[in-house]
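Source file protein23.tsv; content: TSV, C-alpha atoms.
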```tsv
chain	number	residue	atom	x	y	z
A	31	MET	CA	-27.01	4.03	-28.07
A	32	SER	CA	-28.78	4.53	-24.75
A	33	LYS	CA	-28.07	2.50	-21.68
A	34	ALA	CA	-31.33	0.68	-22.22
A	35	ASP	CA	-30.02	-0.53	-25.56
A	36	VAL	CA	-26.95	-2.12	-24.03
A	37	LYS	CA	-27.28	-5.85	-24.07
A	38	PHE	CA	-25.71	-7.02	-20.87
A	39	PRO	CA	-23.96	-10.27	-21.66
A	40	SER	CA	-24.92	-13.02	-19.33
A	41	SER	CA	-22.59	-15.66	-20.54
A	42	GLY	CA	-23.64	-18.15	-17.93
A	43	GLY	CA	-27.24	-18.16	-19.06
A	44	GLY	CA	-28.77	-15.88	-16.43
A	45	GLN	CA	-30.22	-12.44	-17.02
A	46	GLY	CA	-28.00	-9.44	-16.38
A	47	ILE	CA	-29.35	-7.07	-13.71
A	48	GLU	CA	-28.47	-3.44	-13.43
A	49	GLY	CA	-29.82	-0.42	-11.62
A	50	THR	CA	-29.13	3.25	-11.79
A	51	SER	CA	-26.07	2.85	-9.61
A	52	TYR	CA	-25.14	-0.79	-9.80
A	53	VAL	CA	-24.46	-3.68	-12.10
A	54	PHE	CA	-24.90	-7.23	-10.92
A	55	VAL	CA	-22.64	-10.06	-12.01
A	56	SER	CA	-24.45	-13.35	-11.61
A	57	ALA	CA	-21.39	-15.60	-12.12
A	58	ASN	CA	-23.40	-18.63	-13.08
A	59	GLY	CA	-21.20	-19.73	-15.95
A	60	THR	CA	-17.79	-21.30	-16.23
A	61	ASP	CA	-14.87	-19.55	-14.53
A	62	GLY	CA	-13.85	-17.98	-17.83
A	63	GLN	CA	-17.42	-16.90	-18.60
A	64	ASN	CA	-17.68	-15.34	-15.15
A	65	ALA	CA	-14.56	-13.30	-15.86
A	66	THR	CA	-16.00	-12.18	-19.18
A	67	GLU	CA	-19.24	-11.22	-17.45
A	68	LEU	CA	-17.36	-9.19	-14.82
A	69	GLN	CA	-15.36	-7.40	-17.50
A	70	ALA	CA	-18.56	-6.66	-19.43
A	71	ALA	CA	-20.15	-5.31	-16.26
A	72	TYR	CA	-17.17	-3.05	-15.71
A	73	ASN	CA	-17.32	-1.82	-19.29
A	74	LEU	CA	-21.02	-1.14	-18.85
A	75	ALA	CA	-20.38	0.74	-15.60
A	76	LYS	CA	-18.01	3.03	-17.46
A	77	THR	CA	-20.90	4.08	-19.70
A	78	MET	CA	-23.08	5.02	-16.70
A	79	SER	CA	-21.34	8.37	-16.11
A	80	PRO	CA	-19.55	7.49	-12.87
A	81	SER	CA	-18.67	10.52	-10.78
A	82	ALA	CA	-18.14	11.54	-7.18
A	83	THR	CA	-21.90	12.01	-6.87
A	84	ASN	CA	-22.80	9.02	-9.02
A	85	ARG	CA	-20.74	6.08	-7.84
A	86	ILE	CA	-21.38	2.84	-9.68
A	87	THR	CA	-21.05	-0.38	-7.74
A	88	ILE	CA	-20.44	-3.71	-9.39
A	89	ILE	CA	-21.89	-6.40	-7.19
A	90	ALA	CA	-20.25	-9.70	-8.03
A	91	ALA	CA	-21.80	-12.96	-6.93
A	92	ASN	CA	-19.76	-15.59	-5.17
A	93	GLY	CA	-17.72	-17.62	-7.59
A	94	TYR	CA	-14.53	-18.23	-9.48
A	95	TYR	CA	-13.37	-15.78	-12.13
A	96	ASP	CA	-10.61	-16.90	-14.49
A	97	PHE	CA	-9.03	-13.99	-16.33
A	98	GLY	CA	-6.42	-16.19	-17.97
A	99	GLY	CA	-3.26	-14.25	-18.73
A	100	SER	CA	-4.70	-10.74	-18.51
A	101	ALA	CA	-5.46	-8.71	-15.42
A	102	PHE	CA	-8.84	-7.26	-14.56
A	103	VAL	CA	-7.89	-3.60	-14.62
A	104	MET	CA	-9.88	-1.08	-12.58
A	105	ASP	CA	-8.83	2.09	-14.32
A	106	THR	CA	-11.86	4.33	-13.79
A	107	GLN	CA	-12.64	6.37	-10.69
A	108	TYR	CA	-15.97	6.01	-8.88
A	109	ILE	CA	-16.59	2.45	-10.03
A	110	ASP	CA	-16.50	0.11	-7.05
A	111	LEU	CA	-16.37	-3.67	-6.89
A	112	VAL	CA	-17.89	-5.60	-4.00
A	113	SER	CA	-18.68	-9.23	-3.47
A	114	LEU	CA	-22.33	-10.11	-3.00
A	115	ASP	CA	-21.89	-11.39	0.55
A	116	GLY	CA	-19.03	-9.13	1.63
A	117	ASN	CA	-16.77	-12.11	2.15
A	118	ARG	CA	-13.71	-12.96	0.05
A	119	SER	CA	-15.96	-14.82	-2.32
A	120	VAL	CA	-14.96	-13.26	-5.64
A	121	ILE	CA	-12.05	-15.54	-6.37
A	122	PHE	CA	-9.67	-14.89	-9.24
A	123	ASN	CA	-8.46	-18.42	-9.86
A	124	SER	CA	-6.36	-18.12	-13.01
A	125	SER	CA	-3.22	-20.23	-12.80
A	126	ASN	CA	-1.46	-17.47	-14.75
A	127	VAL	CA	0.25	-14.87	-12.51
A	128	ASN	CA	-1.09	-12.12	-14.74
A	129	GLY	CA	-4.71	-13.11	-14.26
A	130	THR	CA	-5.12	-10.94	-11.19
A	131	ILE	CA	-6.67	-7.60	-10.29
A	132	SER	CA	-4.89	-4.35	-11.07
A	133	ILE	CA	-6.20	-1.12	-9.56
A	134	THR	CA	-4.93	2.01	-11.25
A	135	ALA	CA	-7.77	4.48	-10.58
A	136	ASN	CA	-7.73	6.51	-7.41
A	137	ASP	CA	-11.20	6.90	-5.91
A	138	VAL	CA	-12.24	3.24	-5.87
A	139	PHE	CA	-13.64	0.85	-3.25
A	140	VAL	CA	-12.97	-2.87	-3.55
A	141	LYS	CA	-14.30	-5.47	-1.14
A	142	GLY	CA	-14.24	-9.25	-1.03
A	143	VAL	CA	-11.73	-10.14	-3.75
A	144	ASP	CA	-9.28	-13.01	-3.36
A	145	VAL	CA	-6.60	-13.41	-6.01
A	146	GLN	CA	-5.17	-16.45	-4.26
A	147	THR	CA	-1.35	-16.61	-4.59
A	148	LYS	CA	-1.15	-13.95	-7.27
A	149	SER	CA	-0.14	-10.37	-6.61
A	150	PHE	CA	-3.03	-8.04	-5.76
A	151	THR	CA	-1.70	-5.12	-7.77
A	152	ILE	CA	-2.12	-1.48	-6.82
A	153	ALA	CA	-0.65	1.53	-8.58
A	154	ASP	CA	1.27	4.37	-7.05
A	155	ASN	CA	-0.26	7.16	-4.99
A	156	LEU	CA	-3.90	6.15	-4.82
A	157	ASN	CA	-4.72	8.15	-1.72
A	158	LEU	CA	-8.51	7.78	-2.02
A	159	LEU	CA	-8.45	4.03	-2.62
A	160	LYS	CA	-10.23	1.85	-0.08
A	161	VAL	CA	-9.67	-1.91	-0.04
A	162	GLU	CA	-11.49	-4.14	2.40
A	163	ASN	CA	-11.49	-7.86	3.13
A	164	CYS	CA	-9.26	-8.79	0.20
A	165	LYS	CA	-6.45	-11.28	-0.15
A	166	GLY	CA	-3.40	-11.61	-2.35
A	167	GLY	CA	-0.17	-13.53	-2.55
A	168	ASP	CA	3.41	-12.30	-2.44
A	169	SER	CA	4.13	-8.70	-3.42
A	170	SER	CA	0.51	-7.69	-3.04
A	171	PHE	CA	-1.01	-4.31	-2.19
A	172	GLY	CA	1.76	-2.25	-3.71
A	173	SER	CA	5.43	-2.98	-4.16
A	174	GLY	CA	7.90	-0.13	-4.48
A	175	VAL	CA	5.06	2.38	-4.41
A	176	THR	CA	3.67	5.07	-2.16
A	177	LEU	CA	0.69	3.31	-0.61
A	178	SER	CA	-1.56	6.02	0.77
A	179	GLY	CA	-5.01	4.45	0.65
A	180	THR	CA	-7.03	2.71	3.35
A	181	PHE	CA	-6.74	-1.05	3.82
A	182	THR	CA	-8.96	-3.00	6.19
A	183	ASN	CA	-8.95	-6.75	6.86
A	184	CYS	CA	-6.57	-7.47	3.98
A	185	ASP	CA	-4.02	-10.26	3.81
A	186	GLY	CA	-0.91	-10.35	1.63
A	187	GLY	CA	2.10	-12.63	1.42
A	188	PHE	CA	5.81	-11.95	1.41
A	189	ALA	CA	6.77	-8.34	0.65
A	190	SER	CA	3.26	-6.89	0.66
A	191	PHE	CA	1.93	-3.43	1.56
A	192	ALA	CA	4.58	-1.13	0.07
A	193	THR	CA	7.73	-3.15	0.45
A	194	ASP	CA	10.63	-1.02	-0.87
A	195	GLY	CA	8.22	1.90	-0.86
A	196	THR	CA	6.26	4.10	1.50
A	197	ALA	CA	3.35	2.80	3.54
A	198	SER	CA	1.75	6.14	4.35
A	199	GLY	CA	-1.93	5.20	4.40
A	200	THR	CA	-4.20	3.57	6.96
A	201	PHE	CA	-3.93	-0.14	7.71
A	202	ILE	CA	-6.37	-1.91	10.00
A	203	ASN	CA	-6.40	-5.64	10.77
A	204	CYS	CA	-4.06	-6.42	7.89
A	205	THR	CA	-1.51	-9.21	7.62
A	206	GLY	CA	1.63	-9.46	5.53
A	207	GLY	CA	4.70	-11.66	5.32
A	208	ASN	CA	8.35	-10.72	5.68
A	209	TYR	CA	9.28	-7.19	4.58
A	210	SER	CA	5.67	-6.07	4.61
A	211	PHE	CA	4.36	-2.61	5.57
A	212	GLY	CA	7.19	-0.52	4.18
A	213	GLY	CA	9.93	-3.08	4.71
A	214	ALA	CA	13.24	-2.45	2.97
A	215	PHE	CA	14.16	-5.46	0.85
A	216	PHE	CA	15.71	-4.28	-2.40
A	217	SER	CA	15.45	-0.55	-1.69
A	218	ASN	CA	14.58	1.93	1.04
A	219	GLY	CA	11.35	1.50	2.97
A	220	THR	CA	9.21	3.79	5.09
A	221	ALA	CA	6.20	3.19	7.33
A	222	SER	CA	4.74	6.63	8.05
A	223	GLY	CA	1.03	5.83	8.17
A	224	ILE	CA	-1.37	4.54	10.81
A	225	PHE	CA	-1.21	0.83	11.57
A	226	THR	CA	-3.71	-0.82	13.89
A	227	ASN	CA	-3.95	-4.53	14.73
A	228	CYS	CA	-1.63	-5.45	11.87
A	229	THR	CA	0.75	-8.38	11.73
A	230	GLY	CA	3.89	-8.72	9.65
A	231	GLY	CA	6.78	-11.16	9.39
A	232	ASN	CA	10.46	-10.42	9.83
A	233	PHE	CA	11.70	-6.99	8.65
A	234	SER	CA	8.15	-5.66	8.67
A	235	PHE	CA	6.91	-2.17	9.54
A	236	SER	CA	10.00	-0.74	7.89
A	237	GLY	CA	12.53	-3.28	8.94
A	238	ALA	CA	15.61	-3.84	6.83
A	239	LEU	CA	17.94	-6.70	6.09
A	240	GLY	CA	21.59	-6.32	7.04
A	241	GLY	CA	23.45	-3.09	6.47
A	242	PHE	CA	21.95	-2.14	3.15
A	243	PHE	CA	18.97	0.13	2.93
A	244	THR	CA	17.29	2.90	4.88
A	245	ALA	CA	14.25	1.86	6.90
A	246	THR	CA	12.18	4.44	8.70
A	247	ALA	CA	9.28	3.63	11.02
A	248	SER	CA	7.83	7.07	11.69
A	249	GLY	CA	4.11	6.32	11.80
A	250	THR	CA	1.81	5.20	14.58
A	251	PHE	CA	1.56	1.51	15.38
A	252	THR	CA	-1.05	0.16	17.78
A	253	HIS	CA	-1.44	-3.50	18.71
A	254	CYS	CA	0.84	-4.55	15.84
A	255	ILE	CA	3.02	-7.65	15.75
A	256	GLY	CA	6.28	-7.97	13.81
A	257	GLY	CA	9.01	-10.57	13.46
A	258	SER	CA	12.71	-10.01	14.00
A	259	ASN	CA	14.17	-6.69	12.84
A	260	SER	CA	10.78	-5.03	12.54
A	261	PHE	CA	9.66	-1.49	13.42
A	262	GLY	CA	12.55	0.57	12.04
A	263	SER	CA	15.23	-1.94	12.79
A	264	GLY	CA	17.71	-4.25	11.10
A	265	SER	CA	20.20	-2.00	9.32
A	266	LEU	CA	22.71	0.71	10.13
A	267	PHE	CA	20.29	3.11	8.48
A	268	SER	CA	17.18	2.10	10.38
A	269	THR	CA	15.24	4.66	12.36
A	270	LEU	CA	12.41	4.24	14.84
A	271	SER	CA	10.96	7.71	15.22
A	272	GLY	CA	7.31	6.67	15.32
A	273	LYS	CA	5.02	5.78	18.17
A	274	LEU	CA	4.38	2.18	19.17
A	275	TYR	CA	1.59	1.28	21.56
A	276	TRP	CA	1.03	-2.29	22.76
A	277	CYS	CA	3.16	-3.71	19.94
A	278	LYS	CA	4.97	-7.00	20.01
A	279	LEU	CA	8.03	-8.54	18.42
A	280	THR	CA	8.05	-12.29	17.97
A	281	SER	CA	11.85	-12.25	18.02
A	282	GLY	CA	14.58	-9.83	19.05
A	283	ALA	CA	14.40	-6.37	20.57
A	284	PHE	CA	13.18	-2.94	19.50
A	285	ASN	CA	15.56	-0.42	18.01
A	286	THR	CA	16.38	2.59	20.16
A	287	VAL	CA	13.88	5.35	19.46
A	288	SER	CA	15.00	8.64	17.99
A	289	GLY	CA	13.41	12.07	17.69
A	290	SER	CA	9.91	12.02	19.14
A	291	GLY	CA	9.74	8.24	18.93
A	292	GLN	CA	8.07	6.32	21.73
A	293	THR	CA	7.29	2.77	22.69
A	294	ARG	CA	4.66	2.13	25.32
A	295	MET	CA	3.64	-1.21	26.78
A	296	CYS	CA	5.43	-3.05	23.98
A	297	LEU	CA	6.92	-6.51	24.30
A	298	THR	CA	10.19	-7.81	22.88
A	299	GLY	CA	10.63	-11.31	21.50
A	300	THR	CA	11.38	-12.52	25.00
A	301	ASN	CA	8.34	-10.77	26.47
A	302	VAL	CA	10.34	-8.02	28.12
A	303	GLU	CA	8.29	-4.84	28.36
A	304	ASP	CA	9.71	-1.98	26.34
A	305	ASN	CA	8.95	1.67	27.10
A	306	GLN	CA	11.16	4.25	25.47
A	307	GLY	CA	11.02	7.96	24.80
B	200	MET	CA	5.50	8.82	-12.21
B	201	ALA	CA	7.27	11.28	-9.93
B	202	ASN	CA	6.73	11.20	-6.20
B	203	TYR	CA	7.86	13.96	-3.90
B	204	ASN	CA	8.45	13.55	-0.22
B	205	SER	CA	9.26	15.77	2.69
B	206	THR	CA	9.90	14.92	6.33
B	207	LYS	CA	11.25	18.35	7.20
B	208	GLU	CA	9.42	21.54	6.32
B	209	GLY	CA	10.92	23.20	3.26
B	210	THR	CA	13.06	20.23	2.30
B	211	TRP	CA	11.95	17.98	-0.54
B	212	ILE	CA	13.25	14.96	-2.39
B	213	GLU	CA	11.97	13.14	-5.43
B	214	LEU	CA	11.47	9.44	-4.87
B	215	VAL	CA	12.21	7.36	-7.94
B	216	ARG	CA	11.28	3.72	-8.26
B	217	VAL	CA	14.36	1.74	-9.22
B	218	GLU	CA	13.68	-1.45	-11.16
B	219	LEU	CA	16.25	-4.17	-10.54
B	220	THR	CA	17.18	-7.00	-12.85
B	221	ASP	CA	17.06	-10.57	-11.57
B	222	GLU	CA	20.86	-10.55	-11.69
B	223	GLN	CA	21.01	-7.52	-9.41
B	224	LYS	CA	18.53	-9.07	-7.00
B	225	THR	CA	20.61	-12.24	-6.87
B	226	LEU	CA	23.70	-10.17	-6.14
B	227	LEU	CA	21.98	-8.35	-3.27
B	228	MET	CA	20.94	-11.64	-1.73
B	229	SER	CA	24.36	-13.25	-2.13
B	230	LYS	CA	26.20	-14.23	1.02
B	231	ASP	CA	29.46	-14.83	-0.85
B	232	PRO	CA	32.16	-12.54	0.65
B	233	ASN	CA	33.61	-12.09	-2.85
B	234	ASP	CA	30.42	-10.25	-3.82
B	235	LYS	CA	30.70	-7.72	-1.01
B	236	ASP	CA	32.30	-4.92	-3.05
B	237	ALA	CA	29.87	-5.36	-5.93
B	238	GLN	CA	26.97	-5.40	-3.46
B	239	GLU	CA	28.08	-2.16	-1.86
B	240	GLN	CA	28.45	-0.50	-5.26
B	241	LEU	CA	24.99	-1.63	-6.28
B	242	VAL	CA	23.41	-0.49	-3.02
B	243	SER	CA	25.09	2.86	-3.38
B	244	LYS	CA	23.76	3.19	-6.92
B	245	ILE	CA	20.22	2.20	-5.89
B	246	LYS	CA	20.29	4.73	-3.07
B	247	SER	CA	21.47	7.56	-5.28
B	248	ASP	CA	19.08	6.65	-8.11
B	249	SER	CA	16.08	6.37	-5.81
B	250	ARG	CA	16.32	9.83	-4.24
B	251	LYS	CA	16.84	12.88	-6.39
B	252	SER	CA	17.12	16.50	-5.43
B	253	VAL	CA	14.29	18.86	-6.33
B	254	SER	CA	14.77	22.16	-8.13
B	255	SER	CA	14.21	25.29	-6.08
B	256	GLU	CA	11.25	26.20	-8.28
B	257	LYS	CA	9.61	22.82	-7.73
B	258	SER	CA	10.49	22.96	-4.06
B	259	SER	CA	8.69	26.30	-3.70
B	260	GLU	CA	5.68	24.91	-5.52
B	261	LEU	CA	5.58	21.88	-3.21
B	262	THR	CA	6.02	24.00	-0.12
B	263	ASN	CA	3.09	26.17	-1.18
B	264	LEU	CA	1.01	23.03	-1.63
B	265	TYR	CA	2.09	21.80	1.79
B	266	ASN	CA	1.13	25.10	3.39
B	267	SER	CA	-2.28	24.92	1.74
B	268	VAL	CA	-3.05	21.48	3.19
B	269	LYS	CA	-1.34	21.85	6.55
B	270	PRO	CA	-3.99	22.01	9.29
B	271	GLU	CA	-4.72	25.24	11.07
B	272	LEU	CA	-3.19	25.25	14.50
B	273	ASN	CA	-4.17	26.89	17.73
B	274	GLU	CA	-1.55	28.93	19.52
B	275	ASP	CA	-0.69	26.19	22.00
B	276	ASP	CA	-0.75	23.29	19.57
B	277	VAL	CA	2.41	21.27	19.16
B	278	TYR	CA	2.79	20.30	15.52
B	279	GLU	CA	5.08	17.62	14.13
B	280	LEU	CA	5.43	16.80	10.45
B	281	ILE	CA	5.88	13.07	9.97
B	282	SER	CA	5.83	12.95	6.21
B	283	ILE	CA	4.09	14.40	3.19
B	284	ASP	CA	3.94	12.44	-0.06
B	285	VAL	CA	2.88	14.22	-3.24
B	286	SER	CA	2.34	12.79	-6.70
B	287	GLU	CA	3.10	14.65	-9.91
B	288	THR	CA	-0.61	15.46	-10.14
B	289	ASP	CA	-0.44	17.11	-6.71
B	290	ASN	CA	-2.57	14.60	-4.89
B	291	GLY	CA	-1.14	12.91	-1.87
B	292	ILE	CA	-1.18	12.43	1.87
B	293	LEU	CA	0.07	14.41	4.83
B	294	ASN	CA	0.92	12.48	7.99
B	295	CYS	CA	1.46	14.69	11.02
B	296	ARG	CA	0.96	14.85	14.76
B	297	ILE	CA	-0.87	17.57	16.61
B	298	ASN	CA	-0.36	17.44	20.35
B	299	GLY	CA	0.81	13.86	19.91
B	300	ASP	CA	-2.23	12.66	17.96
B	301	HIS	CA	-1.58	11.24	14.50
B	302	LYS	CA	-3.54	13.04	11.77
B	303	GLN	CA	-3.81	12.12	8.12
B	304	ILE	CA	-4.87	14.59	5.49
B	305	ARG	CA	-5.51	13.33	1.98
B	306	PHE	CA	-5.57	15.90	-0.74
```

Encoded form (structure tokens):
Amino acid sequence: MSKADVKFPSSGGGQGIEGTSYVFVSANGTDGQNATELQAAYNLAKTMSPSATNRITIIAANGYYDFGGSAFVMDTQYIDLVSLDGNRSVIFNSSNVNGTISITANDVFVKGVDVQTKSFTIADNLNLLKVENCKGGDSSFGSGVTLSGTFTNCDGGFASFATDGTASGTFINCTGGNYSFGGAFFSNGTASGIFTNCTGGNFSFSGALGGFFTATASGTFTHCIGGSNSFGSGSLFSTLSGKLYWCKLTSGAFNTVSGSGQTRMCLTGTNVEDNQG
Amino acid sequence: MANYNSTKEGTWIELVRVELTDEQKTLLMSKDPNDKDAQEQLVSKIKSDSRKSVSSEKSSELTNLYNSVKPELNEDDVYELISIDVSETDNGILNCRINGDHKQIRF
């Protein structure tokens, strides 16, 4: 069957549109029909021989997509998903926690997806993954994983961005809750990547609770804001060996730097300037 | 899936994701002094389970990979390895500093 023979399901009543390198999701049906249409578009994209030189983009129109109790799994490289307007307008509104997005393929670009309070799920070691302008709930953007992709303008809740794992990628204008960005909650955490204009809660940027786990902030942090016990602080096993420029704590003080660690023009929770190393 | 990590040239560990039960999570969050010993035992177990030593053969293989992705340096360059993370399929990321500037190399 050739591509021309594929009947693109337009469950909402509109006509499916596809080009050589894209598939359009019109999202003019019910929330469930929109989800079915998006899944069908993804299945169609897989038949279009995606490769490094033939990326396929699924352009999804603004709307609600209800995947019920199953995740929308992006398991194929070189198939991207972007919202029509670039905003967070592709909204996964299932009330079931499993009705979220799950990215397991490496070389993928995703933009404009909001899974509301559900976990925006990302697999381990996706170093070529790029995620932009997306939003998830608690434990989003990798939990217990090595998070080595590039994340721009993304928001997660509690324990997001490689909590209990390694945040080794690039993070720009991202926001997370407590224990985000390599925070150590139930295991060791490391923040070894590049963090710019990011904001976390308490124990963020490889902070740790109490005397339990190892937390290592060895990356580069510029204009980042953390709560108490952030930036390689909070436990007996915490290390701040990274470089902090113009960073701010909303509470407490910075750990003492070790190794080649430095803080420059940083502010403690009481607005005392901190310059170490 | 195995993950390998190095923060010191020639030294590797395998990072293993440890899944905790709800009971274990509750124990870790407990503020009851009677749970202190059990907490410490659990933490110790998580720490030992989450970092495993790497065989010398695998270590050599990983070091060769590291050397192949490590950037070429000029004579006066000051190089600092921050961290290299490698998956079992040999893709990963190298975070390093050259003359103080943070570089990332994805491979």

Checklist entry - Using all atoms listed in the file, which chain B residues lie at most 8 Å away from chain A, written as a PyMOL selection string? => result chain B and resi 202+216-217+224+227+239+242+245-246+281-282+284-286+290-292+294+301+303+305-306

Checklist entry - Can you tell me how far atom CA of Ala238 of chain A sits from atom CA of Thr293 of chain A, in Å to one decimal? => result 19.1 Å

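Across the structure, atom CA of Trp211 of chain B and atom CA of Ser252 of chain B are spaced 7.3 Å apart.
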
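Of the residues under consideration (B:Glu274, B:Glu279, B:Gln240, B:Asn266), B:Glu279 shows the shortest atom-to-atom contact distance to Arg296 of chain B when counting all atoms listed in the file.
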
Next on the checklist: List as a list in words the protein and nucleic acid residues near Ile212 of chain B, meaning an atom at most 8 Å away when all atoms listed in the file are counted, but skip any in the same chain fewer than 4 places from it.
Outcome noted: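 Within the cut-off, the hits are Tyr203, Asn204, Ser205, Arg250, Lys251, Ser252 and Val253 of chain B.
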
Please report, as a Markdown table, each residue of segment 154-231 of chain A lying at most 12 Å from segment 254-267 of chain A, together with the nearest pair of atoms and the separation in Å rounded to one decimal; use all atoms listed in the file, and order rows by chain and ascending residue number.
```
| residue | atom | partner | partner_atom | distance |
| --- | --- | --- | --- | --- |
| A:Phe201 | CA | A:Cys254 | CA | 10.4 |
| A:Ile202 | CA | A:Cys254 | CA | 9.6 |
| A:Asn203 | CA | A:Cys254 | CA | 8.9 |
| A:Cys204 | CA | A:Cys254 | CA | 9.5 |
| A:Thr205 | CA | A:Ile255 | CA | 9.4 |
| A:Gly206 | CA | A:Gly256 | CA | 9.6 |
| A:Gly207 | CA | A:Gly257 | CA | 9.3 |
| A:Asn208 | CA | A:Gly257 | CA | 7.8 |
| A:Tyr209 | CA | A:Ser260 | CA | 8.4 |
| A:Ser210 | CA | A:Gly256 | CA | 9.4 |
| A:Phe211 | CA | A:Phe261 | CA | 9.5 |
| A:Gly212 | CA | A:Gly262 | CA | 9.6 |
| A:Gly213 | CA | A:Ser260 | CA | 8.1 |
| A:Ala214 | CA | A:Ser265 | CA | 9.4 |
| A:Phe215 | CA | A:Gly264 | CA | 10.9 |
| A:Ser217 | CA | A:Phe267 | CA | 11.8 |
| A:Asn218 | CA | A:Phe267 | CA | 9.5 |
| A:Gly219 | CA | A:Gly262 | CA | 9.2 |
| A:Thr220 | CA | A:Gly262 | CA | 8.4 |
| A:Ala221 | CA | A:Gly262 | CA | 8.3 |
| A:Ser222 | CA | A:Gly262 | CA | 10.7 |
| A:Ile224 | CA | A:Cys254 | CA | 10.6 |
| A:Phe225 | CA | A:Cys254 | CA | 7.2 |
| A:Thr226 | CA | A:Cys254 | CA | 6.2 |
| A:Asn227 | CA | A:Cys254 | CA | 4.9 |
| A:Cys228 | CA | A:Cys254 | CA | 4.8 |
| A:Thr229 | CA | A:Ile255 | CA | 4.7 |
| A:Gly230 | CA | A:Gly256 | CA | 4.9 |
| A:Gly231 | CA | A:Gly257 | CA | 4.7 |
```

Item to check | Protein/DNA/RNA residues near (-13.6, -3.9, -19.6), cut 12 Å, all atoms listed in the file, as a count of residues only | outcome: 22

Checklist outcome for this item: Computed gap from atom CA of Gln63 of chain A to atom CA of Asp137 of chain A is 27.7 Å

Next on the checklist: Please determine, counting all atoms listed in the file, which residue among A:Asn183, A:Ser170, A:Ser234, A:Thr130 has the shortest atom-to-atom distance to Asn117 of chain A.
Outcome noted: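 Going through A:Asn183, A:Ser170, A:Ser234, A:Thr130 one by one, the smallest distance to Asn117 of chain A is for A:Asn183.
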
Next on the checklist: Can you tell me which residues surround Glu162 of chain A at a distance of at most 9 Å, considering all atoms listed in the file, apart from same-chain residues fewer than 3 positions away, and format the answer as a ChimeraX atom specification?
Outcome noted: /A:139-143,180-184

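The residue that comes closest to Ala237 of chain B, out of B:Thr206, B:Ser249, B:Gln223, B:Ser267 and on the basis of all atoms listed in the file, is B:Gln223.
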
Item to check | Spatial neighbours of Asn128 of chain A, 12 Å, all atoms listed in the file, chain gap at least 2 places, as number ranges by chain | outcome: A: 96-103, 122-126, 130-132, 145, 147-151

Would you fill the gaps in segment 257-268 of chain B so it has N, CA and C atoms, then print it as a PDB file, in the frame of the given file?
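The result, stored in result-v6.pdb:
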```pdb
ATOM      1  N   LYS B 257      10.534  23.900  -8.097  1.00  0.00           N
ATOM      2  CA  LYS B 257       9.610  22.820  -7.730  1.00  0.00           C
ATOM      3  C   LYS B 257       9.438  22.764  -6.215  1.00  0.00           C
ATOM      4  N   SER B 258      10.533  22.976  -5.518  1.00  0.00           N
ATOM      5  CA  SER B 258      10.490  22.960  -4.060  1.00  0.00           C
ATOM      6  C   SER B 258       9.535  24.039  -3.520  1.00  0.00           C
ATOM      7  N   SER B 259       9.591  25.213  -4.123  1.00  0.00           N
ATOM      8  CA  SER B 259       8.690  26.300  -3.700  1.00  0.00           C
ATOM      9  C   SER B 259       7.239  25.923  -3.967  1.00  0.00           C
ATOM     10  N   GLU B 260       7.038  25.342  -5.137  1.00  0.00           N
ATOM     11  CA  GLU B 260       5.680  24.910  -5.520  1.00  0.00           C
ATOM     12  C   GLU B 260       5.146  23.882  -4.519  1.00  0.00           C
ATOM     13  N   LEU B 261       5.998  22.930  -4.149  1.00  0.00           N
ATOM     14  CA  LEU B 261       5.580  21.880  -3.210  1.00  0.00           C
ATOM     15  C   LEU B 261       5.355  22.454  -1.820  1.00  0.00           C
ATOM     16  N   THR B 262       6.183  23.384  -1.437  1.00  0.00           N
ATOM     17  CA  THR B 262       6.020  24.000  -0.120  1.00  0.00           C
ATOM     18  C   THR B 262       4.715  24.792  -0.053  1.00  0.00           C
ATOM     19  N   ASN B 263       4.376  25.455  -1.138  1.00  0.00           N
ATOM     20  CA  ASN B 263       3.090  26.170  -1.180  1.00  0.00           C
ATOM     21  C   ASN B 263       1.923  25.197  -1.042  1.00  0.00           C
ATOM     22  N   LEU B 264       2.053  24.052  -1.735  1.00  0.00           N
ATOM     23  CA  LEU B 264       1.010  23.030  -1.630  1.00  0.00           C
ATOM     24  C   LEU B 264       0.908  22.531  -0.191  1.00  0.00           C
ATOM     25  N   TYR B 265       2.066  22.264   0.394  1.00  0.00           N
ATOM     26  CA  TYR B 265       2.090  21.800   1.790  1.00  0.00           C
ATOM     27  C   TYR B 265       1.402  22.805   2.707  1.00  0.00           C
ATOM     28  N   ASN B 266       1.733  24.063   2.537  1.00  0.00           N
ATOM     29  CA  ASN B 266       1.130  25.100   3.390  1.00  0.00           C
ATOM     30  C   ASN B 266      -0.381  25.187   3.205  1.00  0.00           C
ATOM     31  N   SER B 267      -0.841  24.846   1.999  1.00  0.00           N
ATOM     32  CA  SER B 267      -2.280  24.920   1.740  1.00  0.00           C
ATOM     33  C   SER B 267      -3.046  23.743   2.357  1.00  0.00           C
ATOM     34  N   VAL B 268      -2.354  22.642   2.600  1.00  0.00           N
ATOM     35  CA  VAL B 268      -3.050  21.480   3.190  1.00  0.00           C
ATOM     36  C   VAL B 268      -2.735  21.293   4.674  1.00  0.00           C
TER      37      VAL B 268
END
```
